[in-house]
Amino acid sequence: MSKHIDTFKSWAETFRQDVEAFKAVIAAEDADLEARKLAAGALGYLVMRMDLIPDWSEGIGVIDDVMVLRACAQLVTVGHKVGALPADAEISLGRLTNQAEHITAFLGGPLYDKFKAYCAKLPDAVSRGRSPGQIVDDEAARTALYAEVEDELKKTVPIVVADPTDAELRLKAYLSHKLA
C-alpha cells in the first residue's frame with residue numbers, strides 16, 4: 001500500500017519547479033482568466049494553514065499541497081487556454097497533469113471527483129485576505145503571495161513519513177472526511 005506515499009513524497013522534489021509553472025500561468029496575459037485564477041488559487045492553497053490536511057499533520061500535511069497542484073494543473077490544461085508559456089513551465093504542467101492519475105488511483109474515482117471539485121472552487125477561495133482575482137490583477141498581491149509560498153517551500157521539503165501504510169490511511173481518512 002505504501003507505493004502511493006512514496007510517489008507523493010517524490011513529488012516534493014519538483015515542488016519548486018511546479019510552483020514556477022503556476023507562476024508562469026498567472027503571468028501569461030494571453031491565458032484564459034479562469035486558468036490564471038486556477039493557478040493563483042492553487043498557489044493560495046499552499047499558504048493556507050487550515051486546508052484539507054493541516055500542514056502540521058505529521059508526514060502528510062504537505063501531501064495534500066502537492067496533490068492540489070496536480071489536480072489544478074489538470075483543470076488548467078484541460079479546457080483552458082494557458083497562453084504562451086516558457087518551455088519548462090509547459091513541460092511541468094504536462095507532467096503535473098499526467099501525475100494526477102496517481103491521485104485517482106489512490107483515492108478512487110468518486111473521492112477524486114470530490115477532490116477535483118474542491119480544487120475547481122479554488123479560484124473563488126480567499127487566502128490570507130487575497131482572492132485569486134486580486135492575485136492575477138495586482139502585482140503587490142502577487143508579490144506577497146510569492147513570498148509566502150517561498151516561505152512554505154523552505155519549511156515543507158522534504159516530506160518525512162515514518163510509517164507509509166499509516167500515512168496512507170490517515171491521508172484517505174482526512175480527505176474522505178473533509179470532502180464528504
# chains A, B, ... in the order shown; residues from 1 in each chain; ligands from 1

$ residues_around --residues "segment 19-25 of chain A" --least-positions-apart "2" --cutoff "8 Å" --atoms "only C-alpha atoms" --output "list in words"
Phe15, Arg16, Gln17, Ala27, Ala28, Ala31, Ala35, Arg36, Ala39, Ala40, Ala42, Leu43, Val82, Gly83, Leu85, Pro86, Asp88, Ala89, Glu90, Ser92 and Leu93 of chain A

$ write_last_selection --atoms "N, CA and C atoms" --output "PDB file, in the first residue's frame"
ATOM      1  N   PHE A  15       8.713  20.363  -6.290  1.00  0.00           N
ATOM      2  CA  PHE A  15       7.804  21.365  -5.730  1.00  0.00           C
ATOM      3  C   PHE A  15       8.118  22.767  -6.261  1.00  0.00           C
ATOM      4  N   ARG A  16       9.382  23.146  -6.237  1.00  0.00           N
ATOM      5  CA  ARG A  16       9.778  24.490  -6.660  1.00  0.00           C
ATOM      6  C   ARG A  16       9.454  24.727  -8.136  1.00  0.00           C
ATOM      7  N   GLN A  17       9.806  23.790  -9.003  1.00  0.00           N
ATOM      8  CA  GLN A  17       9.512  23.996 -10.424  1.00  0.00           C
ATOM      9  C   GLN A  17       8.021  23.908 -10.703  1.00  0.00           C
ATOM     10  N   ALA A  27       1.195  34.729 -14.931  1.00  0.00           N
ATOM     11  CA  ALA A  27       1.820  35.827 -15.677  1.00  0.00           C
ATOM     12  C   ALA A  27       1.423  35.862 -17.151  1.00  0.00           C
ATOM     13  N   ALA A  28       0.879  34.759 -17.657  1.00  0.00           N
ATOM     14  CA  ALA A  28       0.554  34.669 -19.090  1.00  0.00           C
ATOM     15  C   ALA A  28      -0.708  35.477 -19.393  1.00  0.00           C
ATOM     16  N   ALA A  31      -3.400  33.934 -21.472  1.00  0.00           N
ATOM     17  CA  ALA A  31      -4.112  32.768 -20.938  1.00  0.00           C
ATOM     18  C   ALA A  31      -5.534  33.181 -20.569  1.00  0.00           C
ATOM     19  N   ALA A  35      -8.030  30.153 -16.165  1.00  0.00           N
ATOM     20  CA  ALA A  35      -6.794  29.388 -15.991  1.00  0.00           C
ATOM     21  C   ALA A  35      -5.847  30.124 -15.054  1.00  0.00           C
ATOM     22  N   ARG A  36      -5.736  31.422 -15.217  1.00  0.00           N
ATOM     23  CA  ARG A  36      -4.861  32.233 -14.363  1.00  0.00           C
ATOM     24  C   ARG A  36      -5.357  32.227 -12.917  1.00  0.00           C
ATOM     25  N   ALA A  39      -4.604  28.884 -11.303  1.00  0.00           N
ATOM     26  CA  ALA A  39      -3.191  28.838 -10.908  1.00  0.00           C
ATOM     27  C   ALA A  39      -2.969  29.651  -9.636  1.00  0.00           C
ATOM     28  N   ALA A  40      -3.577  30.831  -9.553  1.00  0.00           N
ATOM     29  CA  ALA A  40      -3.444  31.660  -8.355  1.00  0.00           C
ATOM     30  C   ALA A  40      -4.105  30.981  -7.156  1.00  0.00           C
ATOM     31  N   ALA A  42      -4.425  27.769  -6.696  1.00  0.00           N
ATOM     32  CA  ALA A  42      -3.568  26.645  -6.299  1.00  0.00           C
ATOM     33  C   ALA A  42      -2.416  27.139  -5.433  1.00  0.00           C
ATOM     34  N   LEU A  43      -1.795  28.240  -5.816  1.00  0.00           N
ATOM     35  CA  LEU A  43      -0.697  28.779  -5.006  1.00  0.00           C
ATOM     36  C   LEU A  43      -1.216  29.338  -3.688  1.00  0.00           C
ATOM     37  N   VAL A  82      -3.854  28.304 -21.936  1.00  0.00           N
ATOM     38  CA  VAL A  82      -2.832  28.734 -20.976  1.00  0.00           C
ATOM     39  C   VAL A  82      -1.887  29.774 -21.557  1.00  0.00           C
ATOM     40  N   GLY A  83      -2.033  30.059 -22.827  1.00  0.00           N
ATOM     41  CA  GLY A  83      -1.200  31.084 -23.435  1.00  0.00           C
ATOM     42  C   GLY A  83       0.197  30.588 -23.746  1.00  0.00           C
ATOM     43  N   LEU A  85       3.632  29.929 -22.841  1.00  0.00           N
ATOM     44  CA  LEU A  85       4.400  29.706 -21.614  1.00  0.00           C
ATOM     45  C   LEU A  85       5.838  29.363 -21.966  1.00  0.00           C
ATOM     46  N   PRO A  86       6.765  29.648 -21.055  1.00  0.00           N
ATOM     47  CA  PRO A  86       8.127  29.155 -21.262  1.00  0.00           C
ATOM     48  C   PRO A  86       8.097  27.628 -21.365  1.00  0.00           C
ATOM     49  N   ASP A  88       9.866  25.250 -20.083  1.00  0.00           N
ATOM     50  CA  ASP A  88       9.948  24.493 -18.837  1.00  0.00           C
ATOM     51  C   ASP A  88       8.624  24.502 -18.079  1.00  0.00           C
ATOM     52  N   ALA A  89       7.886  25.596 -18.123  1.00  0.00           N
ATOM     53  CA  ALA A  89       6.574  25.661 -17.470  1.00  0.00           C
ATOM     54  C   ALA A  89       5.580  24.754 -18.180  1.00  0.00           C
ATOM     55  N   GLU A  90       5.623  24.761 -19.503  1.00  0.00           N
ATOM     56  CA  GLU A  90       4.727  23.902 -20.281  1.00  0.00           C
ATOM     57  C   GLU A  90       4.996  22.420 -19.981  1.00  0.00           C
ATOM     58  N   SER A  92       6.404  21.215 -17.242  1.00  0.00           N
ATOM     59  CA  SER A  92       5.987  20.950 -15.857  1.00  0.00           C
ATOM     60  C   SER A  92       4.481  20.769 -15.760  1.00  0.00           C
ATOM     61  N   LEU A  93       3.708  21.629 -16.427  1.00  0.00           N
ATOM     62  CA  LEU A  93       2.253  21.484 -16.392  1.00  0.00           C
ATOM     63  C   LEU A  93       1.804  20.153 -16.988  1.00  0.00           C
TER      64      LEU A  93
END

$ residues_around --residues "Asp6 of chain A" --least-positions-apart "4" --cutoff "8 Å" --atoms "only C-alpha atoms" --output "mmCIF file with N, CA, C and O atoms, in the first residue's frame"
data_model
loop_
_atom_site.group_PDB
_atom_site.id
_atom_site.type_symbol
_atom_site.label_atom_id
_atom_site.label_comp_id
_atom_site.auth_asym_id
_atom_site.auth_seq_id
_atom_site.Cartn_x
_atom_site.Cartn_y
_atom_site.Cartn_z
ATOM 1 N N SER A 2 2.063 1.230 0.463
ATOM 2 C CA SER A 2 2.878 2.436 0.640
ATOM 3 C C SER A 2 3.438 2.995 -0.669
ATOM 4 O O SER A 2 4.067 4.042 -0.655
ATOM 5 N N SER A 10 7.904 11.766 -3.530
ATOM 6 C CA SER A 10 8.825 12.117 -4.618
ATOM 7 C C SER A 10 8.402 13.418 -5.301
ATOM 8 O O SER A 10 9.234 14.119 -5.880
ATOM 9 N N PRO A 164 4.586 4.549 6.157
ATOM 10 C CA PRO A 164 3.822 4.843 4.940
ATOM 11 C C PRO A 164 2.402 4.269 4.929
ATOM 12 O O PRO A 164 1.482 4.918 4.447
#

$ closest_atom_pairs --of "segment 64-92 of chain A" --to "segment 98-116 of chain A" --cutoff "9 Å" --atoms "only C-alpha atoms" --output "tab-separated table"
residue	atom	partner	partner_atom	distance
A:Met67	CA	A:Ile103	CA	7.0
A:Val68	CA	A:Lys116	CA	8.2
A:Leu69	CA	A:Ala100	CA	8.9
A:Arg70	CA	A:Ala100	CA	5.2
A:Ala71	CA	A:Ala100	CA	5.7
A:Cys72	CA	A:Lys116	CA	7.7
A:Ala73	CA	A:Ala100	CA	8.3
A:Gln74	CA	A:Ala100	CA	7.0
A:Leu75	CA	A:Lys116	CA	8.0

$ residues_around --residues "Val161 of chain A" --least-positions-apart "2" --cutoff "12 Å" --atoms "only C-alpha atoms" --output "PyMOL selection string"
chain A and resi 2+4-10+57-63+157-159+163-168+170-171

$ residues_around --residues "Val47 of chain A" --least-positions-apart "6" --cutoff "7 Å" --atoms "only C-alpha atoms" --output "compact mmCIF listing (two decimals) with N, CA, C and O atoms, in the first residue's frame"
# COMPACT_ATOMS: atom_id res chain seq x y z
N GLU A 148 5.20 34.40 0.43
CA GLU A 148 4.63 33.43 1.38
C GLU A 148 4.82 32.00 0.88
O GLU A 148 5.12 31.10 1.67
N VAL A 149 4.65 31.79 -0.41
CA VAL A 149 4.86 30.46 -0.99
C VAL A 149 6.33 30.06 -0.82
O VAL A 149 6.63 28.92 -0.45
N GLU A 152 6.85 28.85 2.62
CA GLU A 152 6.29 27.50 2.77
C GLU A 152 7.21 26.45 2.15
O GLU A 152 7.42 25.37 2.72

$ closest_residue --among "A:Arg95, A:Arg128, A:Arg142, A:Lys121" --to "Thr14 of chain A" --atoms "only C-alpha atoms"
A:Arg95

$ select_by_dssp --residues "chain A" --states "alpha helix (DSSP H)" --output "ChimeraX atom specification"
/A:3-11,15-27,33-46,63-77,87-107,109-120,132-137,139-156,164-178
